[in-house]
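The next block is target.cif, given as mmCIF, C-alpha atoms.
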```cif
data_target
loop_
_atom_site.label_atom_id
_atom_site.label_comp_id
_atom_site.auth_asym_id
_atom_site.auth_seq_id
_atom_site.Cartn_x
_atom_site.Cartn_y
_atom_site.Cartn_z
CA MET Y 230 103.42 84.39 57.45
CA LYS Y 231 99.69 84.86 57.88
CA ASN Y 232 97.52 85.85 54.92
CA THR Y 233 95.59 89.01 55.83
CA SER Y 234 93.64 89.47 52.57
CA ARG Y 235 89.92 89.30 53.34
CA ARG Y 236 86.49 89.59 51.72
CA ALA Y 237 83.16 89.75 53.52
CA PHE Y 238 80.13 87.68 52.69
CA VAL Y 239 77.05 86.30 54.45
CA ARG Y 240 76.67 82.66 55.31
CA THR Y 241 73.24 81.13 55.76
CA GLY Y 242 71.84 78.93 58.53
CA GLY Y 243 73.58 79.06 61.90
CA ALA Y 244 76.48 81.21 60.65
CA VAL Y 245 76.71 84.99 60.75
CA ALA Y 246 78.59 87.47 58.60
CA VAL Y 247 82.14 86.25 58.18
CA GLY Y 248 85.37 87.26 56.51
CA ALA Y 249 87.30 84.62 54.57
CA ALA Y 250 90.79 84.55 53.13
CA ALA Y 251 90.81 85.50 49.44
CA SER Y 252 93.19 82.61 48.90
CA TRP Y 253 94.69 79.86 51.01
CA ILE Y 254 98.32 78.78 50.88
CA GLY Y 255 97.72 75.27 49.60
CA PRO Y 256 95.75 72.31 51.00
CA ARG Y 257 95.45 71.19 54.61
CA ARG Y 258 98.72 70.58 56.44
CA THR Y 259 100.94 71.79 53.61
CA ARG Y 260 104.46 72.96 54.34
CA SER Y 261 105.42 76.61 54.51
CA ALA Y 262 107.76 77.50 51.67
CA GLU Y 263 109.66 79.86 53.98
CA THR Y 264 110.29 77.60 56.98
CA GLY Y 265 109.49 74.07 55.87
CA ALA Y 266 107.06 73.79 58.81
CA LYS Y 267 103.64 72.29 58.24
CA ARG Y 268 100.80 74.78 58.13
CA TYR Y 269 97.65 74.21 60.16
CA ARG Y 270 94.13 75.56 59.91
CA ALA Y 271 92.90 76.28 63.44
CA ALA Y 272 89.40 76.95 64.74
CA ILE Y 273 88.26 78.07 68.17
CA ILE Y 274 85.10 77.17 70.07
CA GLY Y 275 84.12 79.51 72.90
CA ARG Y 276 80.99 80.35 74.90
CA THR Y 277 80.89 83.89 76.21
CA GLY Y 278 79.30 83.94 79.65
CA ARG Y 279 79.31 80.14 79.90
CA GLY Y 280 82.95 79.18 80.15
CA ASN Y 281 84.27 81.83 77.77
CA TYR Y 282 87.63 80.94 76.17
CA GLY Y 283 89.45 79.27 79.03
CA HIS Y 284 92.87 80.50 80.03
CA GLY Y 285 94.23 81.71 76.71
CA LEU Y 286 93.24 78.73 74.56
CA ASP Y 287 92.09 81.22 71.93
CA VAL Y 288 95.10 83.55 71.66
CA VAL Y 289 97.78 80.85 71.88
CA TYR Y 290 97.89 80.51 68.08
CA ASN Y 291 99.03 84.13 67.76
CA HIS Y 292 102.46 82.79 68.73
CA PHE Y 293 102.71 80.45 65.72
CA ASP Y 294 103.51 81.61 62.18
CA ASN Y 295 102.45 78.25 60.73
CA ILE Y 296 98.95 78.30 62.25
CA GLU Y 297 96.11 80.18 60.56
CA VAL Y 298 93.02 80.85 62.70
CA VAL Y 299 90.26 80.37 60.14
CA ALA Y 300 87.20 80.78 62.35
CA VAL Y 301 85.71 81.17 65.79
CA ALA Y 302 82.34 79.87 67.01
CA ASP Y 303 80.41 81.49 69.87
CA GLU Y 304 76.66 81.87 70.40
CA ASP Y 305 77.17 85.37 71.84
CA ALA Y 306 77.58 88.04 69.14
CA GLY Y 307 79.63 90.45 71.24
CA GLY Y 308 81.96 87.80 72.59
CA ARG Y 309 82.36 86.27 69.15
CA LYS Y 310 83.34 89.62 67.62
CA LYS Y 311 85.94 90.29 70.32
CA ALA Y 312 87.36 86.78 69.97
CA ALA Y 313 87.71 87.24 66.21
CA GLU Y 314 89.52 90.54 66.75
CA ARG Y 315 92.05 89.19 69.24
CA THR Y 316 92.73 85.97 67.32
CA GLY Y 317 92.58 87.26 63.74
CA ALA Y 318 89.88 84.71 62.91
CA LYS Y 319 88.47 85.32 59.43
CA GLY Y 320 85.21 83.45 59.97
CA GLN Y 321 82.59 83.87 62.69
CA TYR Y 322 79.87 81.34 63.48
CA THR Y 323 77.09 80.96 66.01
CA ASP Y 324 77.09 77.17 65.51
CA TYR Y 325 80.33 75.29 66.11
CA ARG Y 326 79.12 72.25 64.19
CA MET Y 327 78.54 74.35 61.08
CA MET Y 328 81.98 75.91 61.54
CA LEU Y 329 83.61 72.48 61.68
CA ALA Y 330 81.73 71.28 58.59
CA ARG Y 331 82.47 74.34 56.47
CA GLU Y 332 85.97 75.31 57.56
CA LYS Y 333 87.39 71.78 57.97
CA PRO Y 334 90.08 72.83 60.48
CA ASP Y 335 93.09 70.66 61.29
CA ILE Y 336 93.17 71.67 64.96
CA VAL Y 337 90.53 73.08 67.30
CA SER Y 338 90.62 74.75 70.70
CA VAL Y 339 87.64 73.59 72.74
CA ALA Y 340 88.08 76.50 75.10
CA PRO Y 341 85.04 76.88 77.43
CA ARG Y 342 85.78 76.21 81.09
CA TRP Y 343 82.26 74.88 81.69
CA LEU Y 344 82.17 71.09 81.53
CA ASP Y 345 78.64 70.56 80.28
CA CYS Y 346 79.81 71.14 76.69
CA HIS Y 347 83.17 69.35 76.55
CA HIS Y 348 81.94 65.90 75.61
CA ASP Y 349 79.70 67.03 72.72
CA MET Y 350 82.24 69.53 71.37
CA VAL Y 351 85.12 67.06 71.38
CA LEU Y 352 83.03 64.37 69.67
CA ALA Y 353 82.01 66.88 67.01
CA CYS Y 354 85.65 67.82 66.43
CA ALA Y 355 86.61 64.16 66.14
CA GLU Y 356 83.82 63.52 63.63
CA ALA Y 357 85.16 66.46 61.61
CA GLY Y 358 88.68 64.98 61.67
CA ALA Y 359 90.23 67.70 63.85
CA HIS Y 360 92.79 67.34 66.64
CA VAL Y 361 91.68 68.91 69.94
CA PHE Y 362 93.19 71.27 72.54
CA LEU Y 363 90.80 71.04 75.51
CA GLU Y 364 90.47 73.27 78.56
CA LYS Y 365 90.73 71.49 81.91
CA PRO Y 366 89.18 69.71 83.71
CA MET Y 367 88.45 67.19 81.00
CA ALA Y 368 84.83 66.15 81.57
CA ARG Y 369 82.07 65.61 84.11
CA THR Y 370 82.36 61.82 84.24
CA LEU Y 371 84.77 59.06 83.33
CA ALA Y 372 82.23 57.73 80.84
CA GLU Y 373 82.42 61.05 78.99
CA ALA Y 374 86.23 61.03 79.13
CA ASP Y 375 86.34 57.45 77.83
CA ALA Y 376 84.09 58.36 74.88
CA MET Y 377 86.17 61.44 74.06
CA ILE Y 378 89.43 59.49 74.00
CA GLU Y 379 87.89 56.70 71.91
CA ALA Y 380 86.42 59.17 69.42
CA CYS Y 381 89.81 60.79 68.86
CA GLU Y 382 92.04 57.73 68.91
CA SER Y 383 89.81 55.66 66.63
CA ARG Y 384 90.38 58.35 64.00
CA GLY Y 385 94.10 58.82 64.66
CA LEU Y 386 93.57 62.24 66.25
CA LYS Y 387 95.50 63.77 69.14
CA MET Y 388 93.81 65.43 72.10
CA VAL Y 389 95.72 67.57 74.59
CA ILE Y 390 94.59 69.01 77.94
CA ALA Y 391 95.47 72.44 79.36
CA HIS Y 392 97.62 71.15 82.23
CA GLN Y 393 100.29 73.79 81.70
CA MET Y 394 102.63 72.79 84.55
CA ARG Y 395 103.41 69.48 82.83
CA LEU Y 396 105.60 71.24 80.27
CA SER Y 397 107.06 73.96 82.48
CA PRO Y 398 110.88 74.13 82.27
CA VAL Y 399 110.89 74.57 86.06
CA ILE Y 400 109.03 71.27 86.51
CA THR Y 401 111.42 69.63 84.02
CA GLU Y 402 114.29 70.80 86.24
CA VAL Y 403 112.45 69.49 89.33
CA ARG Y 404 112.08 66.05 87.75
CA LYS Y 405 115.78 66.01 86.82
CA ARG Y 406 116.82 66.90 90.36
CA ILE Y 407 114.53 64.32 91.94
CA ALA Y 408 115.88 61.67 89.55
CA ALA Y 409 119.43 62.71 90.49
CA GLY Y 410 118.68 62.22 94.20
CA ALA Y 411 118.43 65.85 95.29
CA ILE Y 412 115.81 64.96 97.93
CA GLY Y 413 116.70 61.28 98.26
CA GLN Y 414 114.03 58.61 97.95
CA LEU Y 415 110.60 60.02 97.11
CA MET Y 416 108.22 59.50 100.04
CA ASP Y 417 105.19 61.80 100.19
CA LEU Y 418 103.40 64.35 98.01
CA ARG Y 419 101.09 66.80 99.77
CA GLY Y 420 98.82 69.07 97.76
CA ARG Y 421 96.19 71.66 98.61
CA GLY Y 422 93.60 73.61 96.66
CA LYS Y 423 93.11 77.35 96.83
CA GLU Y 424 90.58 76.90 99.66
CA ASP Y 425 88.71 80.04 98.72
CA ARG Y 426 84.91 80.26 98.31
CA ARG Y 427 85.15 77.06 96.22
CA ALA Y 428 86.75 75.03 99.04
CA GLY Y 429 85.99 71.33 98.93
CA GLY Y 430 84.34 69.73 95.92
CA GLU Y 431 84.58 72.63 93.49
CA ASP Y 432 88.18 73.33 94.46
CA ILE Y 433 89.42 69.81 93.76
CA MET Y 434 87.60 69.70 90.43
CA VAL Y 435 88.57 73.10 89.06
CA LEU Y 436 92.04 73.59 90.57
CA GLY Y 437 92.96 70.25 92.11
CA THR Y 438 93.17 68.76 88.62
CA HIS Y 439 96.52 70.57 88.18
CA ILE Y 440 97.87 69.36 91.53
CA LEU Y 441 96.80 65.74 91.01
CA ASP Y 442 98.20 65.75 87.47
CA LEU Y 443 101.50 66.99 88.90
CA MET Y 444 101.46 64.18 91.48
CA ARG Y 445 101.12 61.66 88.64
CA LEU Y 446 103.93 63.32 86.71
CA LEU Y 447 106.28 62.82 89.68
CA ALA Y 448 105.06 59.50 91.12
CA GLY Y 449 103.22 57.67 88.33
CA ASP Y 450 99.67 56.33 88.43
CA ALA Y 451 97.81 56.18 91.74
CA ARG Y 452 96.77 52.62 92.66
CA TRP Y 453 94.20 53.34 95.39
CA VAL Y 454 92.48 56.13 97.27
CA GLN Y 455 90.91 56.58 100.68
CA ALA Y 456 88.93 59.75 101.33
CA GLU Y 457 86.31 61.63 103.30
CA VAL Y 458 84.06 64.48 102.20
CA LYS Y 459 82.36 66.78 104.72
CA THR Y 460 80.10 69.79 104.76
CA ASP Y 461 79.75 71.97 107.86
CA GLY Y 462 81.91 69.44 109.72
CA ARG Y 463 79.81 66.32 109.05
CA ARG Y 464 80.12 63.56 106.48
CA ILE Y 465 78.09 64.25 103.38
CA GLY Y 466 75.05 62.16 102.52
CA ALA Y 467 72.61 61.89 99.64
CA GLY Y 468 70.88 65.15 100.55
CA ASP Y 469 74.13 67.12 100.23
CA VAL Y 470 74.62 66.39 96.54
CA ARG Y 471 73.84 69.40 94.35
CA ASP Y 472 74.39 70.53 90.79
CA GLY Y 473 77.69 72.34 90.71
CA ASN Y 474 78.46 75.79 89.34
CA GLU Y 475 79.38 76.35 85.71
CA GLY Y 476 78.16 73.02 84.36
CA ILE Y 477 80.57 71.11 86.53
CA GLY Y 478 78.14 68.25 87.21
CA PRO Y 479 77.22 66.80 90.63
CA LEU Y 480 79.08 68.41 93.52
CA ALA Y 481 79.24 68.07 97.31
CA GLY Y 482 81.31 69.06 100.31
CA ASP Y 483 83.18 72.09 101.60
CA THR Y 484 85.99 69.91 102.97
CA ILE Y 485 87.87 67.12 101.21
CA THR Y 486 90.73 65.01 102.52
CA ALA Y 487 92.18 62.23 100.39
CA THR Y 488 95.11 59.82 100.55
CA TYR Y 489 96.47 58.14 97.42
CA GLY Y 490 98.79 55.17 97.15
CA PHE Y 491 101.45 55.08 94.44
CA ASP Y 492 104.10 52.49 93.61
CA ASN Y 493 107.34 52.26 95.63
CA ASN Y 494 105.53 53.02 98.91
CA VAL Y 495 104.91 56.65 97.88
CA HIS Y 496 101.79 58.33 99.25
CA GLY Y 497 99.96 61.41 98.07
CA PHE Y 498 97.65 63.64 100.08
CA PHE Y 499 95.19 66.26 98.89
CA ALA Y 500 93.10 68.56 101.04
CA SER Y 501 90.76 71.47 100.51
CA LYS Y 502 89.00 72.82 103.56
CA LYS Y 503 86.55 75.62 104.21
CA ASN Y 504 88.33 77.98 106.58
CA ALA Y 505 87.98 81.38 108.14
CA ASP Y 506 90.63 83.18 106.10
CA GLY Y 507 89.02 82.21 102.79
CA GLY Y 508 92.25 80.84 101.36
CA GLY Y 509 95.75 81.44 102.62
CA GLY Y 510 97.77 81.07 99.43
CA ARG Y 511 98.55 77.42 100.11
CA TYR Y 512 97.64 76.24 96.60
CA GLY Y 513 100.43 73.99 95.41
CA LEU Y 514 102.34 70.79 96.06
CA HIS Y 515 104.99 69.87 98.63
CA VAL Y 516 107.23 66.93 97.72
CA TYR Y 517 109.02 65.08 100.53
CA GLY Y 518 112.03 62.79 100.18
CA SER Y 519 114.39 60.98 102.53
CA LYS Y 520 117.01 63.73 102.18
CA GLY Y 521 114.97 66.86 101.61
CA MET Y 522 111.84 68.47 100.25
CA MET Y 523 110.56 70.80 97.55
CA THR Y 524 107.68 73.28 97.60
CA MET Y 525 105.84 74.18 94.40
CA GLN Y 526 103.31 77.00 94.42
CA GLY Y 527 101.41 78.82 91.71
CA GLY Y 528 100.41 77.75 88.22
CA GLY Y 529 101.94 77.77 84.75
CA ASP Y 530 105.57 78.12 85.79
CA PRO Y 531 105.33 77.46 89.54
CA ILE Y 532 107.69 78.94 92.11
CA VAL Y 533 109.80 76.07 93.46
CA HIS Y 534 112.11 75.94 96.48
CA LEU Y 535 114.38 73.12 97.64
CA LEU Y 536 115.36 72.34 101.22
CA ALA Y 537 118.18 69.80 101.52
CA SER Y 538 117.37 68.50 104.99
CA SER Y 539 116.11 65.09 106.03
CA ARG Y 540 114.31 66.81 108.91
CA TRP Y 541 112.12 68.72 106.42
CA ALA Y 542 112.77 71.88 108.40
CA PRO Y 543 115.53 74.52 108.19
CA THR Y 544 116.88 73.69 111.65
CA ASP Y 545 120.33 72.62 110.46
CA GLN Y 546 122.75 75.49 109.97
CA ALA Y 547 123.58 74.27 106.47
CA ALA Y 548 119.91 73.77 105.49
CA THR Y 549 118.55 76.81 103.70
CA TRP Y 550 115.82 77.20 101.14
CA GLN Y 551 117.12 77.41 97.58
CA ARG Y 552 115.08 78.64 94.60
CA VAL Y 553 114.88 76.06 91.83
CA VAL Y 554 114.89 77.62 88.38
CA SER Y 555 115.27 76.30 84.86
CA VAL Y 556 118.91 76.08 83.77
CA THR Y 557 117.98 77.09 80.20
CA PRO Y 558 116.78 80.48 78.91
CA SER Y 559 113.05 81.00 78.52
CA ASP Y 560 111.71 78.96 75.62
CA VAL Y 561 108.74 81.33 75.28
CA PRO Y 562 110.29 84.81 75.60
CA ASP Y 563 107.14 86.66 74.49
CA ALA Y 564 104.76 85.06 77.03
CA ASP Y 565 104.69 83.83 80.60
CA GLY Y 566 102.51 81.94 83.06
CA LEU Y 567 99.56 80.01 81.67
CA LEU Y 568 99.96 81.45 78.16
CA ALA Y 569 103.56 80.27 77.98
CA GLY Y 570 102.35 76.87 79.16
CA ASN Y 571 99.76 76.82 76.38
CA VAL Y 572 102.44 77.63 73.79
CA ARG Y 573 104.52 74.68 75.03
CA ILE Y 574 101.49 72.39 74.90
CA VAL Y 575 100.75 73.41 71.31
CA ARG Y 576 104.39 72.93 70.26
CA ASP Y 577 104.42 69.42 71.65
CA TRP Y 578 100.93 68.77 70.24
CA LEU Y 579 102.01 69.61 66.70
CA ASP Y 580 105.12 67.44 67.10
CA ALA Y 581 102.95 64.59 68.37
CA ILE Y 582 100.63 64.95 65.37
CA GLU Y 583 103.54 64.85 62.94
CA GLN Y 584 105.39 62.05 64.75
CA ASP Y 585 102.20 60.08 65.52
CA ARG Y 586 102.99 59.75 69.22
CA ARG Y 587 101.11 60.49 72.43
CA PRO Y 588 101.35 64.17 73.50
CA LEU Y 589 102.98 65.01 76.82
CA SER Y 590 99.70 66.44 78.14
CA SER Y 591 97.34 63.92 76.60
CA GLY Y 592 93.70 63.02 77.02
CA HIS Y 593 94.88 59.97 78.96
CA ASP Y 594 96.57 62.28 81.47
CA GLY Y 595 93.44 64.41 81.71
CA ARG Y 596 91.31 61.34 82.34
CA ALA Y 597 93.71 60.01 85.01
CA ALA Y 598 93.53 63.32 86.91
CA LEU Y 599 89.74 63.28 86.64
CA GLU Y 600 89.71 59.71 87.97
CA MET Y 601 91.72 60.77 91.01
CA ILE Y 602 89.13 63.49 91.64
CA LEU Y 603 86.03 61.34 91.23
CA SER Y 604 87.57 58.45 93.17
CA VAL Y 605 87.43 60.69 96.26
CA TYR Y 606 83.64 60.54 96.14
CA GLU Y 607 83.61 56.82 95.43
CA ALA Y 608 85.91 56.11 98.39
CA HIS Y 609 83.73 58.31 100.61
CA ARG Y 610 80.56 56.62 99.35
CA GLN Y 611 81.90 53.14 100.03
CA ASP Y 612 83.67 54.29 103.22
CA THR Y 613 86.70 52.19 102.34
CA ARG Y 614 89.88 52.18 100.30
CA VAL Y 615 89.05 52.03 96.57
CA ARG Y 616 91.28 50.54 93.89
CA LEU Y 617 92.13 52.47 90.72
CA PRO Y 618 91.15 52.51 87.93
CA LEU Y 619 87.51 52.78 88.96
CA GLU Y 620 85.00 50.24 87.73
CA ARG Y 621 82.17 52.80 87.97
CA ARG Y 622 82.43 55.21 85.03
CA THR Y 623 79.34 57.24 85.93
CA HIS Y 624 79.56 59.94 88.61
CA PRO Y 625 79.86 58.49 92.16
CA LEU Y 626 77.75 61.33 93.57
CA GLU Y 627 74.83 60.27 91.36
CA ALA Y 628 75.07 56.82 92.96
CA LEU Y 629 75.17 58.45 96.41
CA ARG Y 630 72.17 60.64 95.59
CA GLN Y 631 70.20 57.65 94.33
CA GLY Y 632 71.32 55.33 97.12
CA SER Y 633 72.85 52.85 94.65
CA SER Y 634 75.29 50.21 95.78
#
```

Can the structure from this file be put into structure tokens for me?
Amino acid sequence: MKNTSRRAFVRTGGAVAVGAAASWIGPRRTRSAETGAKRYRAAIIGRTGRGNYGHGLDVVYNHFDNIEVVAVADEDAGGRKKAAERTGAKGQYTDYRMMLAREKPDIVSVAPRWLDCHHDMVLACAEAGAHVFLEKPMARTLAEADAMIEACESRGLKMVIAHQMRLSPVITEVRKRIAAGAIGQLMDLRGRGKEDRRAGGEDIMVLGTHILDLMRLLAGDARWVQAEVKTDGRRIGAGDVRDGNEGIGPLAGDTITATYGFDNNVHGFFASKKNADGGGGRYGLHVYGSKGMMTMQGGGDPIVHLLASSRWAPTDQAATWQRVVSVTPSDVPDADGLLAGNVRIVRDWLDAIEQDRRPLSSGHDGRAALEMILSVYEAHRQDTRVRLPLERRTHPLEALRQGSS
């Protein structure tokens, strides 16, 4: 049960007026007398107007009786106040570093969607000894992702990424059916972005991270990539590189087409193209096998259909689309979509902390998805097939802009 007793006082320096618990139920990571579950002190880092609080990375802890939200940090006073109200946070800070030093949380949501802050925030959490729940995509560059993973793992800390589909019961059922031969031998995976106003480079970074992560979940690590990036129908060059929206880093292209090679002669395809309809609801992944195919659309708990036909078309009388659903009741009855996915991530995260194992949506998975994204630009820049993992850990578009080899 959460302690709701509060007293107000004023902190100095970068902090603002806060409320703190009159007493705390024991030291860090003690066990609840009622349930035997470990208790965790959670903190939340947000940035109103500059990435905000992601997709529910702040309110997810409201679904856990053994997690106490001790504080929230946000430079914006109005956004900070609202975040404290919806999360029950007792402390409010303008400076996340001061919050980490004073509150000493066990776990922290690094919630802003903007990428320009992820690296510094995660390193600060690691230095404070806190495990991290990070909004996707992970970082601007592989060098940043490498440093974030090293900072956490060198201290025995667990970092998880908000790739909610990884833990969806529907995707678990999909994996079981594929393993049981429901579509035969896995052959191709074909994904698309939302292809809205962000079509191309922004689309693959912001939304494609989910699709590429799902490809890896089904087919394993990609071994190579071949790709082309265009803008207004022509191949991009150095002059097309720009600073992306929302701190995303270098960006280019309104059209991306990429082919990935996986083990066992499996190929993956990703495309995001500027088009007249501004996005036709094609966001998702189609999985093709020797005996059938599956379509997966939407996020969180995607809508999945199975077609048991080697022709990949409902031309046989017996071949009809079948909805694939989880065979078990909802494991998060009081939430759905992305929030339910966040609850599952946190459950697994806490188990991983206590069992000292890698989480199911780990920093390594976030980095691998980011590498698949950035490798598109490297393959375009070199105009050839590129092996993974990439040797270049800086952003390939910076090399293109500077004319580096």

Name all residues at most 12 Å from Gly410 of chain Y (count only C-alpha atoms; drop same-chain ones fewer than 5 positions away) and give them as a list in words.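 The residues satisfying every condition are Val403, Arg404, Lys405, Leu415, Tyr517, Gly518, Ser519, Lys520, Gly521, Met522 and Ala537 of chain Y.
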
So what does the PyMOL selection byres ((chain Y and resi 402) around 8) actually pick up in this one, as a ChimeraX atom specification? /Y:398-401,403-406,553-556

Run through the PyMOL selection byres ((chain Y and resi 421) around 10) on the given coordinates and return the selected residues as a list in words.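 For this structure, the PyMOL selection byres ((chain Y and resi 421) around 10) resolves to Arg419, Gly420, Gly422, Lys423, Glu424, Asp432, Ile433, Leu436, Gly437, Ile440, Leu441, Ile485, Thr486, Phe498, Phe499, Ala500, Ser501, Lys502, Gly510, Arg511, Tyr512, Gly513, Leu514, His515 and Gln526 of chain Y.
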
Name the residues captured by the PyMOL selection byres ((chain Y and resi 600) around 10) when it is applied to the shown file; answer as an mmCIF file with C-alpha atoms, keeping the file's coordinate frame.
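Done, and the output landed in out-v8.cif:
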```cif
data_model
loop_
_atom_site.group_PDB
_atom_site.id
_atom_site.type_symbol
_atom_site.label_atom_id
_atom_site.label_comp_id
_atom_site.auth_asym_id
_atom_site.auth_seq_id
_atom_site.Cartn_x
_atom_site.Cartn_y
_atom_site.Cartn_z
ATOM 1 C CA THR Y 370 82.360 61.820 84.240
ATOM 2 C CA LEU Y 371 84.770 59.060 83.330
ATOM 3 C CA ALA Y 374 86.230 61.030 79.130
ATOM 4 C CA THR Y 438 93.170 68.760 88.620
ATOM 5 C CA LEU Y 441 96.800 65.740 91.010
ATOM 6 C CA ALA Y 451 97.810 56.180 91.740
ATOM 7 C CA ASP Y 594 96.570 62.280 81.470
ATOM 8 C CA GLY Y 595 93.440 64.410 81.710
ATOM 9 C CA ARG Y 596 91.310 61.340 82.340
ATOM 10 C CA ALA Y 597 93.710 60.010 85.010
ATOM 11 C CA ALA Y 598 93.530 63.320 86.910
ATOM 12 C CA LEU Y 599 89.740 63.280 86.640
ATOM 13 C CA MET Y 601 91.720 60.770 91.010
ATOM 14 C CA ILE Y 602 89.130 63.490 91.640
ATOM 15 C CA LEU Y 603 86.030 61.340 91.230
ATOM 16 C CA SER Y 604 87.570 58.450 93.170
ATOM 17 C CA VAL Y 605 87.430 60.690 96.260
ATOM 18 C CA LEU Y 617 92.130 52.470 90.720
ATOM 19 C CA PRO Y 618 91.150 52.510 87.930
ATOM 20 C CA LEU Y 619 87.510 52.780 88.960
ATOM 21 C CA ARG Y 622 82.430 55.210 85.030
#
```

Excluding Ala359 of chain Y and residues on its chain fewer than 2 positions from it, collect all residues at most 10 Å away from it, counting all atoms listed in the file, and give them as JSON, numbers by chain. {"Y": [270, 271, 272, 329, 333, 334, 335, 336, 337, 338, 351, 352, 353, 354, 355, 356, 357, 361, 362, 381, 384, 385, 386, 387, 388]}

Please report the interatomic distance between atom CA of Asp305 of chain Y and atom CA of Thr277 of chain Y in Å with one decimal.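 So the two atoms, atom CA of Asp305 of chain Y and atom CA of Thr277 of chain Y, lie 5.9 Å apart.
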
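Separating atom CA of Ile378 of chain Y from atom CA of His348 of chain Y is a distance of 10.0 Å.
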
Around (79.2, 65.4, 104.9) in the file's frame, which residues reach within 10 Å when counting only C-alpha atoms? Return as a PyMOL selection string? chain Y and resi 457-470+481-485+609

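Compared by their closest atoms to Ala456 of chain Y, and using all atoms listed in the file, the residues Y:Tyr606, Y:Tyr325, Y:Trp578, Y:Phe491 rank with Y:Tyr606 nearest.
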
Between Y:Ser397, Y:Ala340, Y:Glu475, Y:Ala408, which one has atoms that come closest to Gly570 of chain Y, using all atoms listed in the file? Y:Ser397

Which of these, Y:Asp580, Y:Glu297, Y:Glu332, Y:Asp303, has the shortest distance to Gly317 of chain Y once you count all atoms listed in the file?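 Once distances to Gly317 of chain Y are computed over all atoms listed in the file, the minimum belongs to Y:Glu297.
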
Mind working out the centre and edge lengths of an axis-aligned box for segment 619-622 of chain Y, all listed atoms inside, 8 Å added to each side, rounded to one decimal in Å and written as AutoDock Vina command-line options?
```
--center_x 84.8 --center_y 52.7 --center_z 87.0 --size_x 21.3 --size_y 21.0 --size_z 19.9
```

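Closest to Ile574 of chain Y among Y:Glu382, Y:Asp425, Y:Glu364, Y:Glu304 is Y:Glu364, based on all atoms listed in the file.
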
Using all atoms listed in the file, the best pick from Y:Arg573, Y:Thr544, Y:His624, Y:Ala318 as closest to Ile296 of chain Y would be Y:Ala318

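Our summary of the geometry notes that atom CA of His284 of chain Y is positioned 15.9 Å from atom CA of Met434 of chain Y.
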
Here is a test: counting all atoms listed in the file, which residue of Y:Met367, Y:Ala487, Y:Val572, Y:Met444 is nearest to Leu396 of chain Y?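 So, comparing all the options, the nearest one is Y:Val572.
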
Pick out the residues sitting within 9 Å of Ala548 of chain Y, and hand them over as a PyMOL selection string; count all atoms listed in the file, and ignore anything fewer than 3 positions along from it in its own chain. chain Y and resi 536-538+542-545

Could you save those same residues with C-alpha atoms as a CSV table (one decimal), in the frame of the given file?
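Once written, result03.csv looks like this:
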```
chain,number,residue,atom,x,y,z
Y,536,LEU,CA,115.4,72.3,101.2
Y,537,ALA,CA,118.2,69.8,101.5
Y,538,SER,CA,117.4,68.5,105.0
Y,542,ALA,CA,112.8,71.9,108.4
Y,543,PRO,CA,115.5,74.5,108.2
Y,544,THR,CA,116.9,73.7,111.6
Y,545,ASP,CA,120.3,72.6,110.5
```

Could you write segment 446-456 of chain Y as a PDB file, keeping the file's coordinate frame, with N, CA and C atoms rebuilt where they are missing?
```pdb
ATOM      1  N   LEU Y 446     102.709  63.056  87.480  1.00  0.00           N
ATOM      2  CA  LEU Y 446     103.930  63.320  86.710  1.00  0.00           C
ATOM      3  C   LEU Y 446     105.171  62.922  87.501  1.00  0.00           C
ATOM      4  N   LEU Y 447     105.121  63.106  88.822  1.00  0.00           N
ATOM      5  CA  LEU Y 447     106.280  62.820  89.680  1.00  0.00           C
ATOM      6  C   LEU Y 447     106.288  61.395  90.219  1.00  0.00           C
ATOM      7  N   ALA Y 448     105.115  60.798  90.429  1.00  0.00           N
ATOM      8  CA  ALA Y 448     105.060  59.500  91.120  1.00  0.00           C
ATOM      9  C   ALA Y 448     104.425  58.383  90.296  1.00  0.00           C
ATOM     10  N   GLY Y 449     103.889  58.694  89.123  1.00  0.00           N
ATOM     11  CA  GLY Y 449     103.220  57.670  88.330  1.00  0.00           C
ATOM     12  C   GLY Y 449     101.750  57.555  88.690  1.00  0.00           C
ATOM     13  N   ASP Y 450     101.105  56.513  88.204  1.00  0.00           N
ATOM     14  CA  ASP Y 450      99.670  56.330  88.430  1.00  0.00           C
ATOM     15  C   ASP Y 450      99.371  55.981  89.891  1.00  0.00           C
ATOM     16  N   ALA Y 451      98.299  56.575  90.420  1.00  0.00           N
ATOM     17  CA  ALA Y 451      97.810  56.180  91.740  1.00  0.00           C
ATOM     18  C   ALA Y 451      97.139  54.817  91.639  1.00  0.00           C
ATOM     19  N   ARG Y 452      97.329  53.972  92.659  1.00  0.00           N
ATOM     20  CA  ARG Y 452      96.770  52.620  92.660  1.00  0.00           C
ATOM     21  C   ARG Y 452      95.518  52.498  93.516  1.00  0.00           C
ATOM     22  N   TRP Y 453      95.381  53.372  94.536  1.00  0.00           N
ATOM     23  CA  TRP Y 453      94.200  53.340  95.390  1.00  0.00           C
ATOM     24  C   TRP Y 453      93.983  54.708  96.022  1.00  0.00           C
ATOM     25  N   VAL Y 454      92.801  54.885  96.585  1.00  0.00           N
ATOM     26  CA  VAL Y 454      92.480  56.130  97.270  1.00  0.00           C
ATOM     27  C   VAL Y 454      91.585  55.833  98.463  1.00  0.00           C
ATOM     28  N   GLN Y 455      91.787  56.604  99.507  1.00  0.00           N
ATOM     29  CA  GLN Y 455      90.910  56.580 100.680  1.00  0.00           C
ATOM     30  C   GLN Y 455      90.575  58.033 100.997  1.00  0.00           C
ATOM     31  N   ALA Y 456      89.300  58.340 101.228  1.00  0.00           N
ATOM     32  CA  ALA Y 456      88.930  59.750 101.330  1.00  0.00           C
ATOM     33  C   ALA Y 456      87.680  59.963 102.172  1.00  0.00           C
TER      34      ALA Y 456
END
```
